[in-house]
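Just below is one structure, and these are the notes that go with it.
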Amino acid sequence: MTQVRAMIVGASSLLSREIATQLAADGVRLTLFASDPQSLREFSQSLPTQADIFPLHVDDPQAIITSIKTAWQSLGGADLVLVNTGLHHYDPELPWQAEQQMITVNVQAFSAICNTAFQLFRTQGYGQLTTINSIAGLRGGSCVAYHASKAYAKNYVEGLSMHAQRLKLPITLTDIQLGLLDKAVLQKNRLWVAPPDKIARQIINAMKAGKRKVYVTKRWRWVAWLTQCLPEFIYNTRQWQTKAQRKAQKKNSRSVIKE
């Protein structure tokens with residue numbers, strides 16, 4: 001039986017490592033891409049299957065394309081390319097440098113990776129491209145470039161899927177819409193925070209099922225629906241705070257009223 005081959009682009013994150021661990025446990029041969037390849041050496045050696053490592057220069061599209069094509073030739077093709085690249089930063093002052101960095105990574109680099117993988121799959125004759133995005137792309141947000149970049153990513157993947165359908169290409173596009181996990185952590189809300197192994201398992205199950213789009217974890221589907229339904233004046237006043245912070249804010253507001 002032919003061994004399944006998978007590329008994980010953006011393999012240094014905790015989630016990517018967990019996905020790699022579970023794929024390796026299933027006997028999948030891996031190729032890992034990271035901005036700092038050396039940081040993955042020890043991890044790759046701990047996996048039960050072969051895992052090669054290649055550099056990922058997120059600020060240079062041509063270097064990204066060259067690296068992916070080089071790895072592709074070395075691996076002899078791939079059945080799956082999983083893209084987990086993304087930069088998130090919040091500063092109420094909205095400094096342009098931070099905004100530019102998010103656009104460079106979340107839009108430019110993301111597009112170069114997906115386009116290259118799609119072209120390689122097209123030449124190969126089959127394949128699955130999976131992208132890890134966020135429900136932050138459903139609407140604008142205070143982290144302006146991040147929300148906008150995730151909306152772009154969602155639509156870019158949908159466009160590739162439509163293109164594959166029109167040309168009747170056997171290429172599967174799977175878009176993983178992650179919940180707002182960072183904000184759930186900030187709120188210390190156990191209901192919405194899931195362990196990495198559970199998140200990775202749901203992602204892998206979605207890929208195996210060939211799903212076009214899936215929310216991870218599943219309960220975030222309802223938040224996504226509500227987010228789209230809320231009128232702007234309500235959506236814009238949401239407060240992602242802990243209970244203690246909300247109580248303190250209410251207490252302070254009462255003090256001001258009394259004075």
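Ordered as shown in the structure tokens, chains take letters A, B, and onward, while each chain numbers its residues from 1 and ligands are numbered from 1 in the order shown.
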
Q. Out of region 57-217 of chain A, which residues get helix (DSSP H, G or I) from DSSP, as a PyMOL selection string?
A. chain A and resi 61-75+96-124+135-138+144-166+181-187+196-208

Q | Residues near Ala71 (chain A), cut-off 9 Å, only C-alpha atoms, skip fewer than 4 positions along chain, as a list in words | A |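 Near neighbours after the sequence-gap exclusion: Met7, Thr31, Asp52, Ile53, Phe54, Thr66, Ser67, Leu75, Gly76 and Gly77 of chain A.
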
Keeping only N, CA and C atoms, write the selected residues to a file as a CSV table (one decimal), in the first residue's frame.
chain,number,residue,atom,x,y,z
A,7,MET,N,2.2,17.6,3.4
A,7,MET,CA,3.0,18.8,3.7
A,7,MET,C,2.2,19.7,4.7
A,31,THR,N,6.3,16.4,5.4
A,31,THR,CA,7.2,17.4,5.1
A,31,THR,C,6.8,18.7,5.8
A,52,ASP,N,10.6,15.4,6.9
A,52,ASP,CA,11.6,16.3,6.3
A,52,ASP,C,11.2,17.8,6.7
A,53,ILE,N,12.2,18.6,6.7
A,53,ILE,CA,12.0,20.0,7.1
A,53,ILE,C,12.5,21.0,6.1
A,54,PHE,N,11.7,22.0,5.7
A,54,PHE,CA,12.1,23.0,4.7
A,54,PHE,C,11.9,24.4,5.2
A,66,THR,N,9.5,28.5,-4.5
A,66,THR,CA,10.7,27.7,-4.7
A,66,THR,C,10.9,26.6,-3.7
A,67,SER,N,10.7,26.9,-2.4
A,67,SER,CA,10.8,26.0,-1.3
A,67,SER,C,9.8,24.8,-1.5
A,75,LEU,N,9.9,14.9,-2.3
A,75,LEU,CA,8.9,13.9,-1.7
A,75,LEU,C,8.3,13.1,-2.8
A,76,GLY,N,8.4,13.6,-4.1
A,76,GLY,CA,7.8,12.8,-5.2
A,76,GLY,C,6.3,13.1,-5.3
A,77,GLY,N,5.9,14.3,-4.9
A,77,GLY,CA,4.5,14.7,-4.9
A,77,GLY,C,3.9,14.6,-3.5

(Q) List the spatial neighbours of Leu160 (chain A) as a list in words - criterion: any atom at most 9 Å away, only C-alpha atoms, same-chain residues fewer than 4 positions off excluded. (A)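 Everything that qualifies: Cys114, Asn115, Phe118, Asn155, Tyr156, Ala164, Gln165 and Leu173 of chain A.
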
Can I get the selected residues back with all heavy atoms, as a PDB file, in the first residue's frame?
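As written to disk, part10.pdb reads:
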ATOM      1  N   CYS A 114      -1.027  28.628  -1.392  1.00  0.00           N
ATOM      2  CA  CYS A 114      -2.212  27.952  -1.934  1.00  0.00           C
ATOM      3  C   CYS A 114      -2.165  27.833  -3.456  1.00  0.00           C
ATOM      4  O   CYS A 114      -2.511  26.795  -4.026  1.00  0.00           O
ATOM      5  CB  CYS A 114      -3.479  28.687  -1.506  1.00  0.00           C
ATOM      6  SG  CYS A 114      -3.808  28.604   0.272  1.00  0.00           S
ATOM      7  N   ASN A 115      -1.739  28.892  -4.115  1.00  0.00           N
ATOM      8  CA  ASN A 115      -1.659  28.877  -5.571  1.00  0.00           C
ATOM      9  C   ASN A 115      -0.657  27.833  -6.046  1.00  0.00           C
ATOM     10  O   ASN A 115      -0.928  27.072  -6.992  1.00  0.00           O
ATOM     11  CB  ASN A 115      -1.261  30.260  -6.087  1.00  0.00           C
ATOM     12  CG  ASN A 115      -1.160  30.311  -7.598  1.00  0.00           C
ATOM     13  OD1 ASN A 115      -0.130  29.987  -8.171  1.00  0.00           O
ATOM     14  ND2 ASN A 115      -2.244  30.714  -8.253  1.00  0.00           N
ATOM     15  N   PHE A 118      -2.028  24.300  -5.443  1.00  0.00           N
ATOM     16  CA  PHE A 118      -3.107  24.021  -6.398  1.00  0.00           C
ATOM     17  C   PHE A 118      -2.528  23.665  -7.766  1.00  0.00           C
ATOM     18  O   PHE A 118      -2.976  22.711  -8.413  1.00  0.00           O
ATOM     19  CB  PHE A 118      -4.022  25.237  -6.515  1.00  0.00           C
ATOM     20  CG  PHE A 118      -5.270  24.986  -7.317  1.00  0.00           C
ATOM     21  CD1 PHE A 118      -6.419  24.508  -6.702  1.00  0.00           C
ATOM     22  CD2 PHE A 118      -5.295  25.231  -8.690  1.00  0.00           C
ATOM     23  CE1 PHE A 118      -7.583  24.266  -7.443  1.00  0.00           C
ATOM     24  CE2 PHE A 118      -6.453  24.999  -9.427  1.00  0.00           C
ATOM     25  CZ  PHE A 118      -7.592  24.510  -8.807  1.00  0.00           C
ATOM     26  N   ASN A 155     -12.349  33.623   1.047  1.00  0.00           N
ATOM     27  CA  ASN A 155     -12.818  33.784  -0.323  1.00  0.00           C
ATOM     28  C   ASN A 155     -11.830  33.237  -1.345  1.00  0.00           C
ATOM     29  O   ASN A 155     -12.235  32.757  -2.413  1.00  0.00           O
ATOM     30  CB  ASN A 155     -13.106  35.266  -0.602  1.00  0.00           C
ATOM     31  CG  ASN A 155     -14.412  35.718   0.020  1.00  0.00           C
ATOM     32  OD1 ASN A 155     -15.484  35.310  -0.393  1.00  0.00           O
ATOM     33  ND2 ASN A 155     -14.325  36.549   1.037  1.00  0.00           N
ATOM     34  N   TYR A 156     -10.541  33.299  -1.031  1.00  0.00           N
ATOM     35  CA  TYR A 156      -9.532  32.758  -1.941  1.00  0.00           C
ATOM     36  C   TYR A 156      -9.699  31.245  -2.071  1.00  0.00           C
ATOM     37  O   TYR A 156      -9.673  30.693  -3.176  1.00  0.00           O
ATOM     38  CB  TYR A 156      -8.128  33.085  -1.434  1.00  0.00           C
ATOM     39  CG  TYR A 156      -7.042  32.848  -2.453  1.00  0.00           C
ATOM     40  CD1 TYR A 156      -6.689  33.844  -3.357  1.00  0.00           C
ATOM     41  CD2 TYR A 156      -6.378  31.628  -2.531  1.00  0.00           C
ATOM     42  CE1 TYR A 156      -5.699  33.629  -4.307  1.00  0.00           C
ATOM     43  CE2 TYR A 156      -5.402  31.399  -3.479  1.00  0.00           C
ATOM     44  CZ  TYR A 156      -5.055  32.402  -4.364  1.00  0.00           C
ATOM     45  OH  TYR A 156      -4.082  32.180  -5.315  1.00  0.00           O
ATOM     46  N   ALA A 164     -11.721  24.547  -9.384  1.00  0.00           N
ATOM     47  CA  ALA A 164     -11.520  23.104  -9.530  1.00  0.00           C
ATOM     48  C   ALA A 164     -12.795  22.426 -10.030  1.00  0.00           C
ATOM     49  O   ALA A 164     -12.742  21.518 -10.871  1.00  0.00           O
ATOM     50  CB  ALA A 164     -11.099  22.500  -8.188  1.00  0.00           C
ATOM     51  N   GLN A 165     -13.955  22.885  -9.539  1.00  0.00           N
ATOM     52  CA  GLN A 165     -15.232  22.301  -9.971  1.00  0.00           C
ATOM     53  C   GLN A 165     -15.508  22.609 -11.437  1.00  0.00           C
ATOM     54  O   GLN A 165     -15.966  21.734 -12.188  1.00  0.00           O
ATOM     55  CB  GLN A 165     -16.362  22.837  -9.096  1.00  0.00           C
ATOM     56  CG  GLN A 165     -16.317  22.341  -7.648  1.00  0.00           C
ATOM     57  CD  GLN A 165     -17.376  23.001  -6.789  1.00  0.00           C
ATOM     58  OE1 GLN A 165     -18.514  23.186  -7.214  1.00  0.00           O
ATOM     59  NE2 GLN A 165     -17.005  23.371  -5.576  1.00  0.00           N
ATOM     60  N   LEU A 173     -10.793  20.895  -1.738  1.00  0.00           N
ATOM     61  CA  LEU A 173     -10.466  22.087  -0.947  1.00  0.00           C
ATOM     62  C   LEU A 173     -11.222  22.011   0.380  1.00  0.00           C
ATOM     63  O   LEU A 173     -12.451  21.915   0.391  1.00  0.00           O
ATOM     64  CB  LEU A 173     -10.860  23.362  -1.688  1.00  0.00           C
ATOM     65  CG  LEU A 173      -9.912  23.936  -2.752  1.00  0.00           C
ATOM     66  CD1 LEU A 173      -8.601  24.380  -2.152  1.00  0.00           C
ATOM     67  CD2 LEU A 173      -9.724  22.987  -3.914  1.00  0.00           C
TER      68      LEU A 173
END

(Q) Could you pull out the strand (DSSP E) residues of region 100-222 of chain A, going by DSSP on the backbone, and write them as a PyMOL selection string? (A) chain A and resi 127-134+171-178+213-216

(Q) Show me, as a PyMOL selection string, the residues that have an atom within 12 Å of Val81 (chain A) when counting only C-alpha atoms, minus same-chain residues fewer than 6 positions from it. (A) chain A and resi 4-11+20+29-33+68+71-72+113-121+126-132+171-175+207

Go ahead and save the picked residues with N, CA and C atoms, as an mmCIF file, in the first residue's frame.
data_model
loop_
_atom_site.group_PDB
_atom_site.id
_atom_site.type_symbol
_atom_site.label_atom_id
_atom_site.label_comp_id
_atom_site.auth_asym_id
_atom_site.auth_seq_id
_atom_site.Cartn_x
_atom_site.Cartn_y
_atom_site.Cartn_z
ATOM 1 N N VAL A 4 0.790 7.545 2.460
ATOM 2 C CA VAL A 4 0.241 8.878 2.263
ATOM 3 C C VAL A 4 1.318 9.913 2.585
ATOM 4 N N ARG A 5 1.401 10.951 1.749
ATOM 5 C CA ARG A 5 2.394 12.014 1.934
ATOM 6 C C ARG A 5 1.683 13.340 2.170
ATOM 7 N N ALA A 6 2.130 14.045 3.193
ATOM 8 C CA ALA A 6 1.484 15.306 3.550
ATOM 9 C C ALA A 6 2.513 16.394 3.816
ATOM 10 N N MET A 7 2.185 17.606 3.393
ATOM 11 C CA MET A 7 2.998 18.779 3.679
ATOM 12 C C MET A 7 2.233 19.669 4.653
ATOM 13 N N ILE A 8 2.914 20.127 5.687
ATOM 14 C CA ILE A 8 2.315 21.067 6.633
ATOM 15 C C ILE A 8 3.100 22.368 6.545
ATOM 16 N N VAL A 9 2.471 23.394 6.030
ATOM 17 C CA VAL A 9 3.131 24.691 5.844
ATOM 18 C C VAL A 9 2.756 25.588 7.014
ATOM 19 N N GLY A 10 3.758 25.926 7.809
ATOM 20 C CA GLY A 10 3.527 26.638 9.058
ATOM 21 C C GLY A 10 3.465 25.625 10.182
ATOM 22 N N ALA A 11 4.518 24.812 10.292
ATOM 23 C CA ALA A 11 4.488 23.640 11.177
ATOM 24 C C ALA A 11 4.994 23.902 12.591
ATOM 25 N N ALA A 20 0.540 17.120 13.105
ATOM 26 C CA ALA A 20 1.645 16.308 12.585
ATOM 27 C C ALA A 20 1.808 15.029 13.402
ATOM 28 N N ARG A 29 3.717 10.099 5.894
ATOM 29 C CA ARG A 29 5.041 10.705 5.761
ATOM 30 C C ARG A 29 4.878 12.211 5.657
ATOM 31 N N LEU A 30 5.704 12.955 6.367
ATOM 32 C CA LEU A 30 5.499 14.400 6.492
ATOM 33 C C LEU A 30 6.639 15.229 5.913
ATOM 34 N N THR A 31 6.262 16.396 5.431
ATOM 35 C CA THR A 31 7.215 17.442 5.075
ATOM 36 C C THR A 31 6.758 18.695 5.808
ATOM 37 N N LEU A 32 7.623 19.244 6.637
ATOM 38 C CA LEU A 32 7.268 20.367 7.490
ATOM 39 C C LEU A 32 7.969 21.641 7.031
ATOM 40 N N PHE A 33 7.235 22.733 6.983
ATOM 41 C CA PHE A 33 7.784 24.029 6.595
ATOM 42 C C PHE A 33 7.693 24.981 7.786
ATOM 43 N N ILE A 68 8.505 25.204 -1.769
ATOM 44 C CA ILE A 68 7.449 24.198 -1.891
ATOM 45 C C ILE A 68 7.717 23.280 -3.081
ATOM 46 N N ALA A 71 10.585 20.882 -2.215
ATOM 47 C CA ALA A 71 10.116 19.825 -1.319
ATOM 48 C C ALA A 71 9.238 18.829 -2.070
ATOM 49 N N TRP A 72 8.410 19.331 -2.970
ATOM 50 C CA TRP A 72 7.515 18.489 -3.765
ATOM 51 C C TRP A 72 8.310 17.482 -4.586
ATOM 52 N N ILE A 113 1.335 30.233 -1.252
ATOM 53 C CA ILE A 113 1.325 28.822 -0.843
ATOM 54 C C ILE A 113 0.180 28.075 -1.507
ATOM 55 N N CYS A 114 -1.027 28.628 -1.392
ATOM 56 C CA CYS A 114 -2.212 27.952 -1.934
ATOM 57 C C CYS A 114 -2.165 27.833 -3.456
ATOM 58 N N ASN A 115 -1.739 28.892 -4.115
ATOM 59 C CA ASN A 115 -1.659 28.877 -5.571
ATOM 60 C C ASN A 115 -0.657 27.833 -6.046
ATOM 61 N N THR A 116 0.503 27.776 -5.384
ATOM 62 C CA THR A 116 1.532 26.807 -5.773
ATOM 63 C C THR A 116 1.051 25.382 -5.558
ATOM 64 N N ALA A 117 0.434 25.123 -4.402
ATOM 65 C CA ALA A 117 -0.069 23.780 -4.114
ATOM 66 C C ALA A 117 -1.141 23.380 -5.126
ATOM 67 N N PHE A 118 -2.028 24.300 -5.443
ATOM 68 C CA PHE A 118 -3.107 24.021 -6.398
ATOM 69 C C PHE A 118 -2.528 23.665 -7.766
ATOM 70 N N GLN A 119 -1.533 24.426 -8.220
ATOM 71 C CA GLN A 119 -0.921 24.155 -9.522
ATOM 72 C C GLN A 119 -0.225 22.797 -9.542
ATOM 73 N N LEU A 120 0.430 22.451 -8.438
ATOM 74 C CA LEU A 120 1.121 21.163 -8.355
ATOM 75 C C LEU A 120 0.121 20.011 -8.346
ATOM 76 N N PHE A 121 -0.980 20.176 -7.622
ATOM 77 C CA PHE A 121 -2.025 19.154 -7.609
ATOM 78 C C PHE A 121 -2.633 18.991 -9.002
ATOM 79 N N TYR A 126 -4.404 15.056 -8.846
ATOM 80 C CA TYR A 126 -5.247 14.875 -7.663
ATOM 81 C C TYR A 126 -4.566 15.534 -6.456
ATOM 82 N N GLY A 127 -5.319 15.639 -5.364
ATOM 83 C CA GLY A 127 -4.738 16.162 -4.129
ATOM 84 C C GLY A 127 -5.776 16.877 -3.274
ATOM 85 N N GLN A 128 -5.390 17.181 -2.058
ATOM 86 C CA GLN A 128 -6.267 17.893 -1.135
ATOM 87 C C GLN A 128 -5.506 19.064 -0.515
ATOM 88 N N LEU A 129 -6.100 20.238 -0.621
ATOM 89 C CA LEU A 129 -5.527 21.445 -0.033
ATOM 90 C C LEU A 129 -6.419 21.862 1.136
ATOM 91 N N THR A 130 -5.852 21.893 2.322
ATOM 92 C CA THR A 130 -6.591 22.267 3.526
ATOM 93 C C THR A 130 -5.990 23.528 4.119
ATOM 94 N N THR A 131 -6.840 24.489 4.423
ATOM 95 C CA THR A 131 -6.370 25.741 5.007
ATOM 96 C C THR A 131 -7.008 25.944 6.369
ATOM 97 N N ILE A 132 -6.223 26.408 7.321
ATOM 98 C CA ILE A 132 -6.734 26.703 8.656
ATOM 99 C C ILE A 132 -6.934 28.201 8.763
ATOM 100 N N ILE A 171 -9.439 17.833 -7.218
ATOM 101 C CA ILE A 171 -8.723 18.495 -6.131
ATOM 102 C C ILE A 171 -9.740 18.885 -5.061
ATOM 103 N N THR A 172 -9.516 18.444 -3.838
ATOM 104 C CA THR A 172 -10.424 18.732 -2.732
ATOM 105 C C THR A 172 -9.922 19.940 -1.959
ATOM 106 N N LEU A 173 -10.793 20.895 -1.738
ATOM 107 C CA LEU A 173 -10.466 22.087 -0.947
ATOM 108 C C LEU A 173 -11.222 22.011 0.380
ATOM 109 N N THR A 174 -10.504 22.034 1.479
ATOM 110 C CA THR A 174 -11.112 22.000 2.806
ATOM 111 C C THR A 174 -10.698 23.233 3.593
ATOM 112 N N ASP A 175 -11.685 24.030 3.986
ATOM 113 C CA ASP A 175 -11.416 25.254 4.737
ATOM 114 C C ASP A 175 -11.828 25.052 6.197
ATOM 115 N N MET A 207 -10.703 16.492 7.124
ATOM 116 C CA MET A 207 -9.910 16.250 5.919
ATOM 117 C C MET A 207 -10.208 14.870 5.339
#

Q: Please identify all polymer residues within 9 Å of region 220-227 of chain A, counting only C-alpha atoms, omitting same-chain residues fewer than 6 positions from it, and present them as a PyMOL selection string.
A: chain A and resi 135-136+138-139+177-180+192+214+235

Any chance you can output those residues with N, CA and C atoms as a CSV table (one decimal), in the first residue's frame?
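Saved as selection.csv:
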chain,number,residue,atom,x,y,z
A,135,ILE,N,-13.1,32.2,12.0
A,135,ILE,CA,-14.4,32.9,11.8
A,135,ILE,C,-14.2,34.4,12.0
A,136,ALA,N,-13.0,34.9,12.4
A,136,ALA,CA,-12.8,36.3,12.4
A,136,ALA,C,-13.0,36.9,11.0
A,138,LEU,N,-15.5,36.5,9.1
A,138,LEU,CA,-16.9,36.7,8.8
A,138,LEU,C,-17.3,38.2,8.8
A,139,ARG,N,-16.6,39.0,9.7
A,139,ARG,CA,-16.9,40.4,9.8
A,139,ARG,C,-15.6,41.2,10.1
A,177,GLN,N,-12.5,26.5,9.6
A,177,GLN,CA,-12.9,27.8,10.3
A,177,GLN,C,-12.7,27.6,11.8
A,178,LEU,N,-11.6,28.1,12.3
A,178,LEU,CA,-11.3,28.0,13.8
A,178,LEU,C,-12.2,29.0,14.5
A,179,GLY,N,-12.6,28.7,15.7
A,179,GLY,CA,-13.3,29.6,16.6
A,179,GLY,C,-12.3,30.7,17.1
A,180,LEU,N,-12.8,31.7,17.8
A,180,LEU,CA,-12.0,32.7,18.3
A,180,LEU,C,-11.3,32.2,19.6
A,192,TRP,N,-15.6,27.2,25.6
A,192,TRP,CA,-15.2,27.4,24.2
A,192,TRP,C,-13.8,27.0,24.0
A,214,VAL,N,-15.6,23.5,7.5
A,214,VAL,CA,-16.0,23.0,8.8
A,214,VAL,C,-15.6,23.9,9.9
A,235,TYR,N,-23.0,44.3,17.4
A,235,TYR,CA,-21.7,43.6,17.1
A,235,TYR,C,-20.5,44.4,17.5

Q.
For a test of reading the model, state the distance in Å between CA of Asn236 (chain A) and CA of Val144 (chain A), rounded to one decimal.
A.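 These atoms are spaced 12.7 Å apart.
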
Q | Given only C-alpha atoms as the counted atoms, nearest of A:Thr70, A:Asn133, A:Gln124, A:Ser142 to Leu169 (chain A) | A |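 Closest to Leu169 (chain A), using only C-alpha atoms: A:Gln124.
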
Q. Between CA of Lys154 (chain A) and CA of Lys213 (chain A), what is the distance, to one decimal in Å?
A.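 Going from CA of Lys154 (chain A) over to CA of Lys213 (chain A) covers 9.6 Å.
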
Q: Would you mind reading off the distance between CA of Gly141 (chain A) and CA of Glu18 (chain A), one decimal, in Å?
A: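 We find that CA of Gly141 (chain A) and CA of Glu18 (chain A) lie 28.7 Å from each other.
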
**Q.** Minimum-distance residue to Thr217 (chain A), chosen among A:Leu15, A:Ile234, A:Ile199, A:Val83 (using only C-alpha atoms)
**A.** A:Ile199

Q.
I want to know what sits within 10 Å of Ser149 (chain A), based on only C-alpha atoms, with residues of the same chain fewer than 5 positions away left out; could you give that as a PyMOL selection string?
A. chain A and resi 86-87+102-108+110+133-134+136-137+140+144+154-155

Q) Restricting the calculation to only C-alpha atoms, which member of A:Ser44, A:Gln3, A:Ser39, A:Gln100 is positioned closest to Ala145 (chain A)? A)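 Nearest to Ala145 (chain A): A:Gln100.
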